[in-house]
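Enquirer: Structure supplied as coords-v1.cif; contents: mmCIF, C-alpha atoms and all ligand atoms.
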data_my_file
#
loop_
_atom_site.label_atom_id
_atom_site.label_comp_id
_atom_site.auth_asym_id
_atom_site.auth_seq_id
_atom_site.Cartn_x
_atom_site.Cartn_y
_atom_site.Cartn_z
CA MET S 214 65.74 55.47 -10.35
CA VAL S 215 68.00 52.49 -10.75
CA ARG S 216 69.54 53.24 -7.43
CA PHE S 217 66.12 53.42 -5.82
CA ILE S 218 65.16 49.99 -7.17
CA VAL S 219 68.39 48.52 -5.96
CA GLU S 220 67.71 49.91 -2.48
CA VAL S 221 64.17 48.52 -2.37
CA PHE S 222 65.49 45.10 -3.30
CA ALA S 223 68.15 45.35 -0.69
CA VAL S 224 65.58 46.20 1.98
CA ALA S 225 63.29 43.35 0.91
CA ARG S 226 66.14 40.90 1.03
CA PHE S 227 67.33 42.22 4.35
CA ARG S 228 63.88 41.80 5.94
CA ALA S 229 63.52 38.30 4.57
CA MET S 230 66.85 37.44 6.03
CA GLU S 231 65.84 38.85 9.40
CA LEU S 232 62.75 36.66 9.45
CA ILE S 233 64.82 33.60 8.66
CA THR S 234 67.20 34.53 11.44
CA ILE S 235 64.26 34.68 13.83
CA LEU S 236 62.89 31.36 12.58
CA ASN S 237 66.30 29.78 13.01
CA ARG S 238 66.36 31.03 16.54
CA CYS S 239 62.96 29.71 17.57
CA HIS S 240 61.94 26.96 15.17
CA ARG S 241 65.02 25.22 13.84
CA PHE S 242 65.20 21.57 12.81
CA ARG S 243 68.08 19.32 11.94
CA GLY S 244 68.17 18.32 8.32
CA PHE S 245 66.15 21.30 7.06
CA VAL S 246 66.93 24.90 6.19
CA TYR S 247 64.80 27.97 5.69
CA HIS S 248 65.54 28.98 2.18
CA ARG S 249 63.67 32.13 1.32
CA ALA S 250 60.93 34.34 2.81
CA ARG S 251 58.65 36.57 0.77
CA PHE S 252 55.20 38.09 0.79
CA SER S 253 52.38 36.32 -0.96
CA PRO S 254 51.01 38.21 -4.00
CA ASP S 255 48.13 39.63 -1.90
CA HIS S 256 50.56 40.70 0.84
CA LYS S 257 48.48 39.01 3.51
CA SER S 258 50.90 36.24 4.27
CA ILE S 259 54.58 35.60 4.48
CA GLU S 260 55.69 32.47 2.71
CA VAL S 261 58.87 30.80 3.85
CA SER S 262 60.22 28.03 1.71
CA VAL S 263 61.91 25.14 3.47
CA ARG S 264 64.38 22.76 1.90
CA PRO S 265 66.14 19.65 3.06
CA ARG S 266 69.72 20.32 4.09
CA LYS S 267 72.10 18.99 1.49
CA GLY S 268 73.12 15.43 2.15
CA SER S 269 70.59 14.76 4.91
CA ALA S 270 68.42 11.72 4.32
CA ALA S 271 64.66 11.78 4.66
CA ILE S 272 63.10 9.90 7.58
CA CYS S 273 60.51 7.22 6.94
CA SER S 274 57.30 8.21 8.72
CA ARG S 275 56.45 4.61 9.46
CA CYS S 276 59.61 3.28 11.09
CA HIS S 277 61.17 6.67 11.92
CA GLN S 278 64.51 5.67 10.40
CA PRO S 279 66.44 7.35 7.55
CA ALA S 280 65.73 5.79 4.19
CA PRO S 281 66.82 6.34 0.58
CA GLY S 282 64.85 8.88 -1.39
CA TYR S 283 62.27 7.86 -3.95
CA ASP S 284 60.65 11.03 -5.30
CA GLN S 285 59.23 14.36 -4.23
CA LEU S 286 55.59 15.40 -3.97
CA ALA S 287 54.06 18.75 -4.85
CA GLU S 288 54.76 21.63 -2.50
CA ARG S 289 52.57 21.77 0.62
CA ARG S 290 51.74 24.73 2.80
CA PHE S 291 51.97 24.49 6.57
CA GLU S 292 50.45 27.21 8.72
CA PHE S 293 52.79 28.69 11.27
CA ILE S 294 52.01 31.16 14.07
CA PRO S 295 50.90 34.51 12.58
CA LEU S 296 53.37 37.32 12.94
CA TRP S 297 52.58 41.05 13.14
CA GLY S 298 49.21 40.49 11.50
CA PHE S 299 50.53 38.36 8.67
CA PHE S 300 49.77 34.71 8.16
CA VAL S 301 53.00 32.76 8.05
CA LEU S 302 53.23 29.71 5.82
CA LEU S 303 56.03 27.22 5.52
CA LEU S 304 56.28 25.84 2.00
CA TYR S 305 57.80 22.44 1.62
CA ALA S 306 57.76 19.65 -0.96
CA MET S 307 57.60 16.38 0.95
CA ARG S 308 59.92 13.62 -0.20
CA ARG S 309 58.96 10.00 -0.42
CA VAL S 310 61.35 7.28 0.62
CA ASP S 311 61.77 3.76 -0.60
CA CYS S 312 62.05 2.15 2.82
CA ARG S 313 63.56 -1.30 2.89
CA ARG S 314 62.54 -1.88 6.49
CA CYS S 315 58.89 -1.14 5.74
CA GLN S 316 59.14 -2.56 2.23
CA ALA S 317 57.12 0.31 0.88
CA VAL S 318 57.28 3.76 -0.59
CA VAL S 319 56.43 6.04 2.32
CA VAL S 320 56.10 9.79 2.77
CA GLU S 321 58.84 11.28 4.89
CA GLU S 322 58.38 12.49 8.43
CA VAL S 323 58.87 16.20 9.04
CA PRO S 324 59.54 17.50 12.52
CA TRP S 325 57.29 20.57 12.33
CA ALA S 326 54.05 18.82 11.36
CA ASP S 327 52.26 15.55 11.93
CA GLY S 328 51.57 14.29 8.45
CA LYS S 329 47.91 14.87 7.71
CA ARG S 330 47.28 18.28 9.19
CA THR S 331 48.07 21.61 7.57
CA LEU S 332 48.90 23.33 10.86
CA THR S 333 52.44 23.18 12.17
CA LYS S 334 52.85 21.60 15.58
CA ALA S 335 54.00 24.92 17.01
CA TYR S 336 50.83 26.62 15.79
CA MET S 337 48.62 23.79 17.09
CA LEU S 338 50.14 24.10 20.54
CA PHE S 339 49.69 27.87 20.37
CA LEU S 340 46.02 27.64 19.35
CA ALA S 341 45.28 24.87 21.83
CA ARG S 342 46.63 26.97 24.70
CA TRP S 343 44.33 29.81 23.73
CA ALA S 344 41.44 27.40 23.36
CA ARG S 345 41.76 26.67 27.04
CA ARG S 346 41.15 30.32 27.92
CA LEU S 347 38.69 31.30 25.23
CA SER S 348 35.91 29.36 23.63
CA TRP S 349 36.95 27.52 20.49
CA LYS S 350 34.90 29.90 18.43
CA GLU S 351 36.56 32.94 19.96
CA THR S 352 39.98 31.38 19.44
CA ALA S 353 39.20 30.82 15.76
CA GLU S 354 38.05 34.41 15.39
CA ALA S 355 41.01 35.89 17.26
CA PHE S 356 43.52 34.19 14.96
CA ARG S 357 41.40 34.36 11.81
CA THR S 358 41.23 30.65 11.39
CA SER S 359 38.37 28.17 11.44
CA TRP S 360 36.65 26.34 14.30
CA GLU S 361 37.68 23.08 12.63
CA LYS S 362 41.35 24.04 12.82
CA VAL S 363 41.06 24.87 16.48
CA PHE S 364 39.45 21.45 16.90
CA ASP S 365 42.41 19.88 15.06
CA ALA S 366 44.85 21.74 17.27
CA VAL S 367 43.17 20.60 20.48
CA GLU S 368 42.89 17.06 19.17
CA HIS S 369 46.59 17.00 18.40
CA VAL S 370 47.57 18.29 21.83
CA VAL S 371 45.13 16.05 23.72
CA THR S 372 46.13 12.95 21.76
CA PHE S 373 49.75 13.62 22.63
CA GLY S 374 48.82 14.25 26.25
CA LEU S 375 46.88 11.03 26.65
CA GLU S 376 49.68 9.03 25.06
CA HIS S 377 52.30 10.57 27.31
CA ARG S 378 50.54 11.06 30.62
CA VAL S 379 51.76 9.11 33.61
CA LEU S 380 48.96 7.58 35.64
CA GLY S 381 51.10 6.50 38.57
CA GLN S 382 49.38 5.51 41.76
CA ILE S 383 45.77 6.56 42.13
CA ASP S 384 44.41 6.65 45.67
CA ALA S 385 40.96 8.09 45.12
CA ILE S 386 38.58 8.45 42.22
CA GLY S 387 35.24 10.15 41.82
CA VAL S 388 32.76 9.11 39.16
CA ASP S 389 30.32 11.67 37.94
CA GLU S 390 27.60 11.73 35.35
CA ILE S 391 26.93 14.85 33.38
CA GLN S 392 24.10 15.61 31.01
CA TYR S 393 24.84 17.06 27.61
CA ALA S 394 22.67 18.09 24.71
CA LYS S 395 18.95 18.07 25.10
CA GLY S 396 17.20 14.80 25.64
CA HIS S 397 18.87 12.40 27.97
CA LYS S 398 22.42 12.11 26.80
CA TYR S 399 24.98 11.54 29.48
CA LEU S 400 28.72 11.37 29.83
CA THR S 401 30.53 9.46 32.52
CA LEU S 402 33.50 11.33 33.93
CA VAL S 403 36.09 9.79 36.21
CA TYR S 404 38.30 12.10 38.23
CA GLN S 405 41.35 11.45 40.28
CA ILE S 406 40.69 13.14 43.62
CA ASP S 407 43.86 12.45 45.57
CA LEU S 408 44.92 15.09 48.07
CA GLY S 409 47.90 16.08 45.94
CA ILE S 410 46.35 15.91 42.50
CA THR S 411 42.89 16.31 41.07
CA ARG S 412 42.37 15.79 37.37
CA LEU S 413 40.03 14.27 34.86
CA LEU S 414 41.15 10.76 34.05
CA TRP S 415 38.50 9.53 31.70
CA VAL S 416 35.47 10.47 29.66
CA GLY S 417 32.96 7.82 28.63
CA LYS S 418 29.92 7.92 26.43
CA GLU S 419 26.61 7.17 28.20
CA ARG S 420 26.39 6.17 31.85
CA THR S 421 26.12 2.44 31.51
CA ILE S 422 28.00 -0.42 33.09
CA GLU S 423 29.96 -0.78 29.87
CA SER S 424 30.96 2.86 29.73
CA PHE S 425 32.30 2.88 33.28
CA GLN S 426 34.07 -0.42 32.70
CA GLY S 427 35.91 1.32 29.87
CA PHE S 428 37.76 3.37 32.48
CA PHE S 429 39.04 0.29 34.29
CA HIS S 430 40.09 -1.15 30.99
CA VAL S 431 42.22 1.94 30.32
CA ILE S 432 43.96 2.09 33.70
CA GLY S 433 44.47 -1.66 34.00
CA GLU S 434 43.97 -4.02 36.93
CA GLU S 435 47.19 -3.19 38.73
CA ILE S 436 46.28 0.48 39.27
CA ALA S 437 42.60 -0.30 39.87
CA SER S 438 43.40 -2.77 42.62
CA LYS S 439 45.28 -0.09 44.59
CA ILE S 440 42.48 2.47 44.63
CA VAL S 441 41.54 3.20 48.24
CA PHE S 442 38.50 5.49 47.90
CA VAL S 443 35.75 5.71 45.34
CA CYS S 444 33.20 8.49 45.37
CA SER S 445 30.03 8.16 43.35
CA ASP S 446 26.35 8.91 43.31
CA MET S 447 23.56 6.37 43.75
CA TRP S 448 23.41 5.43 40.08
CA GLU S 449 23.05 1.65 40.14
CA PRO S 450 25.30 0.79 37.13
CA TYR S 451 28.18 2.69 38.76
CA LEU S 452 27.62 0.98 42.09
CA LYS S 453 27.73 -2.37 40.39
CA VAL S 454 30.99 -1.69 38.56
CA ILE S 455 32.61 -0.33 41.73
CA ARG S 456 31.63 -3.47 43.68
CA GLU S 457 33.17 -5.53 40.96
CA LYS S 458 36.37 -3.61 40.17
CA CYS S 459 37.27 -1.93 43.46
CA SER S 460 36.02 -4.43 45.98
CA GLU S 461 38.78 -3.44 48.42
CA ALA S 462 38.18 0.29 48.21
CA LEU S 463 36.05 2.31 50.59
CA HIS S 464 33.09 3.35 48.53
CA ILE S 465 31.55 6.66 49.49
CA LEU S 466 28.32 8.15 48.30
CA ASP S 467 29.27 11.63 47.47
CA ARG S 468 27.74 14.43 49.51
CA PHE S 469 27.37 16.66 46.50
CA HIS S 470 25.36 14.06 44.63
CA ILE S 471 23.06 13.41 47.58
CA VAL S 472 22.37 17.12 47.99
CA ALA S 473 21.71 17.40 44.25
CA LYS S 474 19.21 14.52 44.42
CA MET S 475 17.45 16.13 47.34
CA ASN S 476 17.18 19.43 45.52
CA LYS S 477 15.67 17.64 42.58
CA ALA S 478 13.06 15.99 44.80
CA LEU S 479 12.21 19.29 46.43
CA ASP S 480 11.85 20.92 43.06
CA GLU S 481 9.49 18.18 41.99
CA VAL S 482 7.32 18.77 45.08
CA ARG S 483 7.29 22.51 44.45
CA ALA S 484 6.40 22.23 40.77
CA GLY S 485 3.58 19.76 41.47
CA GLU S 486 2.09 21.79 44.28
CA SER S 487 2.41 25.03 42.34
CA ARG S 488 0.47 23.50 39.43
CA ARG S 489 -2.20 22.17 41.75
CA MET S 490 -2.61 25.56 43.43
CA ALA S 491 -3.01 27.26 40.06
CA LEU S 492 -5.69 24.72 39.07
CA GLU S 493 -7.56 25.29 42.30
CA GLY S 494 -7.34 29.04 41.82
CA ARG S 495 -5.41 29.67 45.04
CA THR S 496 -2.95 32.54 45.56
CA PRO S 497 0.24 31.59 43.68
CA VAL S 498 2.54 31.96 46.69
CA LEU S 499 5.00 29.48 45.18
CA LYS S 500 5.53 31.52 42.07
CA LYS S 501 9.21 32.36 41.50
CA SER S 502 10.17 30.50 44.64
CA ARG S 503 12.38 27.98 42.92
CA TRP S 504 15.75 29.54 43.71
CA LEU S 505 14.67 30.66 47.15
CA LEU S 506 14.18 27.03 48.03
CA LEU S 507 17.11 25.52 46.20
CA LYS S 508 19.87 27.93 47.20
CA ARG S 509 21.54 27.65 50.56
CA GLU S 510 20.01 30.22 52.82
CA ALA S 511 23.39 31.79 53.44
CA ASN S 512 23.66 32.58 49.74
CA LEU S 513 20.40 34.49 49.53
CA LYS S 514 20.22 38.25 49.34
CA THR S 515 18.46 40.05 52.19
CA GLU S 516 15.31 40.66 50.20
CA GLN S 517 15.18 37.01 49.14
CA ARG S 518 15.63 35.95 52.73
CA PHE S 519 12.56 37.96 53.72
CA ARG S 520 10.55 36.35 50.97
CA LEU S 521 11.70 32.92 52.08
CA ARG S 522 10.68 33.62 55.71
CA ASP S 523 7.33 34.75 54.44
CA LEU S 524 6.86 31.64 52.37
CA LEU S 525 7.79 29.35 55.23
CA ARG S 526 4.72 30.49 57.20
CA TYR S 527 2.38 28.70 54.82
CA ASN S 528 1.31 25.19 55.52
CA LEU S 529 2.48 23.71 52.25
CA LYS S 530 3.99 20.40 51.24
CA THR S 531 6.78 22.35 49.61
CA VAL S 532 7.59 24.08 52.87
CA ARG S 533 7.64 20.80 54.76
CA ALA S 534 9.90 19.27 52.11
CA TYR S 535 12.16 22.29 52.35
CA LEU S 536 12.44 21.99 56.10
CA LEU S 537 13.25 18.30 55.79
CA LYS S 538 15.95 19.08 53.26
CA GLU S 539 17.42 21.78 55.47
CA ALA S 540 17.36 19.51 58.51
CA PHE S 541 19.27 16.91 56.54
CA GLN S 542 22.23 19.28 56.14
CA GLN S 543 23.07 18.67 59.78
CA LEU S 544 24.17 15.16 58.87
CA TRP S 545 27.41 16.46 57.39
CA ASP S 546 28.49 18.04 60.66
CA TYR S 547 28.89 14.73 62.44
CA ASN S 548 32.31 13.28 62.98
CA SER S 549 31.32 9.89 64.27
CA PRO S 550 29.80 7.43 61.81
CA ALA S 551 27.66 5.98 64.61
CA TRP S 552 26.01 9.30 65.48
CA ALA S 553 25.64 10.18 61.84
CA GLY S 554 23.91 6.84 61.39
CA LYS S 555 21.47 7.57 64.22
CA PHE S 556 20.66 10.94 62.75
CA LEU S 557 20.16 9.47 59.31
CA ASP S 558 17.76 6.80 60.61
CA GLU S 559 15.73 9.37 62.51
CA TRP S 560 15.56 11.67 59.51
CA CYS S 561 14.40 8.85 57.26
CA ARG S 562 11.72 7.88 59.79
CA GLN S 563 10.33 11.40 59.83
CA VAL S 564 10.33 11.61 56.06
CA MET S 565 8.53 8.30 55.71
CA ARG S 566 5.69 9.75 57.79
CA SER S 567 5.58 12.94 55.74
CA ARG S 568 3.38 11.70 52.90
CA ILE S 569 5.57 13.63 50.45
CA GLU S 570 6.31 11.01 47.84
CA PRO S 571 9.47 12.46 46.17
CA MET S 572 11.07 12.90 49.60
CA LYS S 573 10.03 9.42 50.66
CA LYS S 574 11.69 8.08 47.56
CA ILE S 575 14.94 9.74 48.64
CA ALA S 576 14.63 8.38 52.16
CA ARG S 577 14.14 4.85 50.83
CA SER S 578 17.17 5.22 48.65
CA LEU S 579 19.26 6.60 51.52
CA ARG S 580 18.22 3.69 53.73
CA GLU S 581 19.18 1.27 51.04
CA HIS S 582 22.63 2.82 50.71
CA ARG S 583 23.12 3.58 54.39
CA ASP S 584 26.57 1.94 54.61
CA LEU S 585 27.91 3.80 51.63
CA ILE S 586 26.70 7.10 53.02
CA LEU S 587 28.29 6.43 56.40
CA ASN S 588 31.55 5.64 54.63
CA TYR S 589 31.70 9.39 54.09
CA PHE S 590 32.33 9.73 57.82
CA HIS S 591 34.86 6.92 57.87
CA ALA S 592 36.85 8.70 55.18
CA GLN S 593 36.11 12.24 56.19
CA LYS S 594 39.57 13.25 57.19
CA LEU S 595 41.13 11.89 54.04
CA LEU S 596 38.92 13.25 51.29
CA SER S 597 37.70 16.73 50.80
CA SER S 598 34.09 16.57 49.83
CA GLY S 599 33.96 19.63 47.61
CA VAL S 600 36.37 18.20 45.06
CA VAL S 601 33.90 16.34 42.89
CA GLU S 602 31.50 19.25 42.98
CA GLY S 603 34.25 21.66 41.95
CA LEU S 604 35.29 19.45 39.05
CA ASN S 605 31.68 18.99 38.03
CA ASN S 606 31.25 22.76 37.84
CA LYS S 607 34.41 23.16 35.79
CA ALA S 608 33.25 20.43 33.43
CA LYS S 609 29.97 22.26 32.89
CA VAL S 610 31.74 25.53 32.14
CA THR S 611 34.01 23.76 29.66
CA MET S 612 31.05 22.18 27.92
CA ARG S 613 29.43 25.56 27.53
CA LYS S 614 32.61 26.98 25.99
CA SER S 615 32.75 24.48 23.17
CA TYR S 616 29.06 25.10 22.59
CA GLY S 617 27.63 24.75 19.11
CA PHE S 618 29.17 21.43 18.24
CA ARG S 619 28.09 19.20 21.04
CA THR S 620 29.21 15.93 19.64
CA PHE S 621 30.72 13.40 21.97
CA ARG S 622 34.17 13.78 20.40
CA THR S 623 34.17 17.57 20.82
CA LEU S 624 33.15 17.37 24.45
CA GLU S 625 35.59 14.59 25.15
CA LEU S 626 38.49 16.64 23.77
CA ALA S 627 37.39 19.85 25.45
CA LEU S 628 37.07 18.13 28.83
CA TYR S 629 40.43 16.37 28.64
CA HIS S 630 41.99 19.59 27.44
CA SER S 631 40.82 21.73 30.31
CA LEU S 632 40.61 19.23 33.17
CA GLY S 633 43.05 16.45 32.29
CA LYS S 634 46.26 18.21 33.33
CA LEU S 635 47.87 16.48 30.37
CA PRO S 636 51.51 16.91 29.39
CA GLU S 637 51.99 19.09 26.32
CA PRO S 638 54.06 18.26 23.25
CA GLU S 639 57.56 19.66 23.43
CA SER S 640 58.14 22.85 21.59
CA THR S 641 61.30 24.32 20.10
CA HIS S 642 60.47 27.64 21.71
CA ASP S 643 57.96 29.09 24.14
CA PHE S 644 55.62 30.90 21.76
CA PHE S 645 53.66 32.92 24.28
ZN ZN Q 701 60.23 2.64 7.17
#
Written as structure tokens, that's how I'd like the structure from this file.
Expert:
Amino acid sequence: MVRFIVEVFAVARFRAMELITILNRCHRFRGFVYHRARFSPDHKSIEVSVRPRKGSAAICSRCHQPAPGYDQLAERRFEFIPLWGFFVLLLYAMRRVDCRRCQAVVVEEVPWADGKRTLTKAYMLFLARWARRLSWKETAEAFRTSWEKVFDAVEHVVTFGLEHRVLGQIDAIGVDEIQYAKGHKYLTLVYQIDLGITRLLWVGKERTIESFQGFFHVIGEEIASKIVFVCSDMWEPYLKVIREKCSEALHILDRFHIVAKMNKALDEVRAGESRRMALEGRTPVLKKSRWLLLKREANLKTEQRFRLRDLLRYNLKTVRAYLLKEAFQQLWDYNSPAWAGKFLDEWCRQVMRSRIEPMKKIARSLREHRDLILNYFHAQKLLSSGVVEGLNNKAKVTMRKSYGFRTFRTLELALYHSLGKLPEPESTHDFF
């Protein structure tokens, strides 16, 4: 019996030692030692106590310099990456220093955590990486933690990334508005769309002049003055800020945004006409035609294509609007700005005679911004037009993934996290 107990103790000690060996290999810090590892009373977690190495001074968290000790606080628990289905906690009693430089009693800085949070930096980086692949909710479930902790982890990683990113030279930017939440809440997103690098540079609340100006405030005048291309939609506050801040840049109305506007107008025509037909008791030929009309014909299935052909035989406003929209697509095939301009003028003339008000509204707006649209052809060989659209789609997917907590802060973090290409905090080990 006695021998048995001795053996059990030996095994327990041996395992604890092994764990400390592993921790020393992957998560070791100067000035601190792993002292002891043991199971918690409920056997769900492994608790590893950490101590300061003898003779090593604590670091003041304000000035980041060693300072004489003052006292020690109660033991805190820091969550580390779970191991083999056990939670792993680092237990450490923070010291306070009497810092002469700061002339205050300050809590020490520890290398594995960032002061306020209970998650270790290693675990935050680990969770944040998963939160890029899974939704935040799924990440929380997979690692048996809370949504709030995943939020903390992403916030930590994004904050680091924004502080350490290098903006460098920016040749081209695209500004995009995106709707979130119900009602009319918008975000302004600014992307870098250089040939070599595309990334999200900035997220602003609302889509006002002030919100877009916030971007220029962040990048500074030097970088702003060197921007060569700006892509945007026809949203007047954006146009105004671009005229003001990037007066030297070639400003292009983005193809994707124009197509989106045209689809919206067409949809308006269809909805109005469909309602009218229902009121007049006519055959509801427009029923379920929405996607037939909005999708590119090439993307329709065979059966849908037949239905579309059928629909196009009717003499309807919707059909005429559809044909005008389709005809407009030809614009993008031109290489020469002059020919594109001629086509655009002719198209607008036809539309103005069409007596279809939503389409006429588009034509008026295109006429008004003719120069900016033709800039697309001046810049054609230097900018790929699908970039803003691609980023816009990714942004929408990201927003869906953080669904449930659609506050501005959540969306801002989620967007920077998945589209910002931000540098990550350094890690002692690659915890894959
Ligand atoms: Zn200090």
Enquirer: Take atom CA of S:Lys418 and atom CA of S:Thr401 and report the distance between them in Å, one decimal.
Expert: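 The value is 6.3 Å.
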Enquirer: What residues of the protein or nucleic acid chains come within 12 Å of ligand ZN 701 (chain Q) when you use all atoms listed in the file? Reply as a list in words.
Expert: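 Residues lying within 12 Å of ligand ZN 701 (chain Q): Ala271, Ile272, Cys273, Ser274, Arg275, Cys276, His277, Gln278, Pro279, Ala280, Pro281, Gly282, Arg309, Val310, Asp311, Cys312, Arg313, Arg314, Cys315, Gln316, Ala317, Val318, Val319, Val320, Glu321 and Glu322 of chain S.
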Enquirer: Measuring between all atoms listed in the file, which one of S:His630, S:His642, S:Arg483, S:Arg251 shows the shortest distance to S:Glu368?
Expert: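 Comparing S:His630, S:His642, S:Arg483, S:Arg251 against S:Glu368, the winner is S:His630.
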Enquirer: Just give me the gap between atom CA of S:Leu525 and atom CA of S:Arg566 in Å, one decimal is fine.
Expert: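 Separating atom CA of S:Leu525 from atom CA of S:Arg566 is a distance of 19.9 Å.
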Enquirer: Could you give me, as a VMD selection string, the residues within 12 Å of S:Tyr336, counting all atoms listed in the file and dropping anything in the same chain fewer than 3 positions from it?
Expert: chain S and resid 240 291 to 296 300 to 303 325 to 327 330 to 333 339 to 343 356 358 362 to 363 365 to 367 369 to 370 638 640 to 645
Enquirer: Select, counting only C-alpha atoms, all protein, DNA and RNA residues no farther than 10 Å from (33.3, 29.0, 24.3) in file coordinates, and express the selection as a VMD selection string.
Expert: chain S and resid 344 to 352 610 to 617
Enquirer: Pick out the residues sitting within 8 Å of S:Tyr247, and hand them over as a ChimeraX atom specification; count only C-alpha atoms, and ignore anything fewer than 4 positions along from it in its own chain.
Expert: /S:233,236-237,261-264
Enquirer: Give me a file of those residues, with C-alpha atoms, as an mmCIF file, in the coordinates of the input.
Expert:
data_model
loop_
_atom_site.group_PDB
_atom_site.id
_atom_site.type_symbol
_atom_site.label_atom_id
_atom_site.label_comp_id
_atom_site.auth_asym_id
_atom_site.auth_seq_id
_atom_site.Cartn_x
_atom_site.Cartn_y
_atom_site.Cartn_z
ATOM 1 C CA ILE S 233 64.820 33.600 8.660
ATOM 2 C CA LEU S 236 62.890 31.360 12.580
ATOM 3 C CA ASN S 237 66.300 29.780 13.010
ATOM 4 C CA VAL S 261 58.870 30.800 3.850
ATOM 5 C CA SER S 262 60.220 28.030 1.710
ATOM 6 C CA VAL S 263 61.910 25.140 3.470
ATOM 7 C CA ARG S 264 64.380 22.760 1.900
#
Enquirer: Between S:Lys634, S:Lys508, S:Arg568, S:His464, which one has atoms that come closest to S:Arg583, using only C-alpha atoms?
Expert: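 Nearest to S:Arg583: S:His464.
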Enquirer: Give as a ChimeraX atom specification the set of residues within 12 Å of the point (30.9, 11.4, 62.8), where distances use the file's coordinates and all atoms listed in the file.
Expert: /S:543-557,586-594
Enquirer: With N, CA, C and O atoms retained, output stretch 524-536 of chain S as a PDB file, in the first residue's frame.
Expert:
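Result saved to part.pdb:
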ATOM      1  N   LEU S 524     -40.399  36.202 -70.623  1.00  0.00           N
ATOM      2  CA  LEU S 524     -40.776  37.474 -70.006  1.00  0.00           C
ATOM      3  C   LEU S 524     -40.485  38.656 -70.931  1.00  0.00           C
ATOM      4  O   LEU S 524     -41.250  39.618 -71.013  1.00  0.00           O
ATOM      5  N   LEU S 525     -39.363  38.548 -71.636  1.00  0.00           N
ATOM      6  CA  LEU S 525     -38.935  39.668 -72.472  1.00  0.00           C
ATOM      7  C   LEU S 525     -39.872  39.931 -73.657  1.00  0.00           C
ATOM      8  O   LEU S 525     -39.768  40.961 -74.306  1.00  0.00           O
ATOM      9  N   ARG S 526     -40.800  39.007 -73.922  1.00  0.00           N
ATOM     10  CA  ARG S 526     -41.737  39.223 -75.028  1.00  0.00           C
ATOM     11  C   ARG S 526     -42.840  40.210 -74.667  1.00  0.00           C
ATOM     12  O   ARG S 526     -43.509  40.755 -75.519  1.00  0.00           O
ATOM     13  N   TYR S 527     -43.043  40.415 -73.386  1.00  0.00           N
ATOM     14  CA  TYR S 527     -44.115  41.320 -72.962  1.00  0.00           C
ATOM     15  C   TYR S 527     -43.687  42.771 -73.153  1.00  0.00           C
ATOM     16  O   TYR S 527     -42.515  43.120 -73.001  1.00  0.00           O
ATOM     17  N   ASN S 528     -44.662  43.583 -73.445  1.00  0.00           N
ATOM     18  CA  ASN S 528     -44.378  45.002 -73.562  1.00  0.00           C
ATOM     19  C   ASN S 528     -44.572  45.653 -72.187  1.00  0.00           C
ATOM     20  O   ASN S 528     -45.634  46.150 -71.859  1.00  0.00           O
ATOM     21  N   LEU S 529     -43.514  45.555 -71.395  1.00  0.00           N
ATOM     22  CA  LEU S 529     -43.600  46.080 -70.029  1.00  0.00           C
ATOM     23  C   LEU S 529     -42.488  47.103 -69.803  1.00  0.00           C
ATOM     24  O   LEU S 529     -41.424  47.022 -70.420  1.00  0.00           O
ATOM     25  N   LYS S 530     -42.757  48.016 -68.905  1.00  0.00           N
ATOM     26  CA  LYS S 530     -41.732  48.988 -68.513  1.00  0.00           C
ATOM     27  C   LYS S 530     -40.503  48.266 -67.976  1.00  0.00           C
ATOM     28  O   LYS S 530     -39.365  48.636 -68.252  1.00  0.00           O
ATOM     29  N   THR S 531     -40.774  47.241 -67.187  1.00  0.00           N
ATOM     30  CA  THR S 531     -39.687  46.474 -66.577  1.00  0.00           C
ATOM     31  C   THR S 531     -38.783  45.888 -67.648  1.00  0.00           C
ATOM     32  O   THR S 531     -37.558  45.908 -67.530  1.00  0.00           O
ATOM     33  N   VAL S 532     -39.392  45.371 -68.690  1.00  0.00           N
ATOM     34  CA  VAL S 532     -38.611  44.767 -69.768  1.00  0.00           C
ATOM     35  C   VAL S 532     -37.767  45.831 -70.473  1.00  0.00           C
ATOM     36  O   VAL S 532     -36.591  45.629 -70.756  1.00  0.00           O
ATOM     37  N   ARG S 533     -38.387  46.984 -70.709  1.00  0.00           N
ATOM     38  CA  ARG S 533     -37.616  48.057 -71.361  1.00  0.00           C
ATOM     39  C   ARG S 533     -36.456  48.519 -70.475  1.00  0.00           C
ATOM     40  O   ARG S 533     -35.353  48.748 -70.957  1.00  0.00           O
ATOM     41  N   ALA S 534     -36.722  48.608 -69.173  1.00  0.00           N
ATOM     42  CA  ALA S 534     -35.657  48.999 -68.247  1.00  0.00           C
ATOM     43  C   ALA S 534     -34.546  47.952 -68.235  1.00  0.00           C
ATOM     44  O   ALA S 534     -33.357  48.272 -68.231  1.00  0.00           O
ATOM     45  N   TYR S 535     -34.950  46.698 -68.298  1.00  0.00           N
ATOM     46  CA  TYR S 535     -33.974  45.611 -68.315  1.00  0.00           C
ATOM     47  C   TYR S 535     -33.085  45.695 -69.551  1.00  0.00           C
ATOM     48  O   TYR S 535     -31.862  45.576 -69.472  1.00  0.00           O
ATOM     49  N   LEU S 536     -33.717  45.941 -70.681  1.00  0.00           N
ATOM     50  CA  LEU S 536     -32.946  46.015 -71.922  1.00  0.00           C
ATOM     51  C   LEU S 536     -31.988  47.211 -71.909  1.00  0.00           C
ATOM     52  O   LEU S 536     -30.865  47.115 -72.393  1.00  0.00           O
TER      53      LEU S 536
END
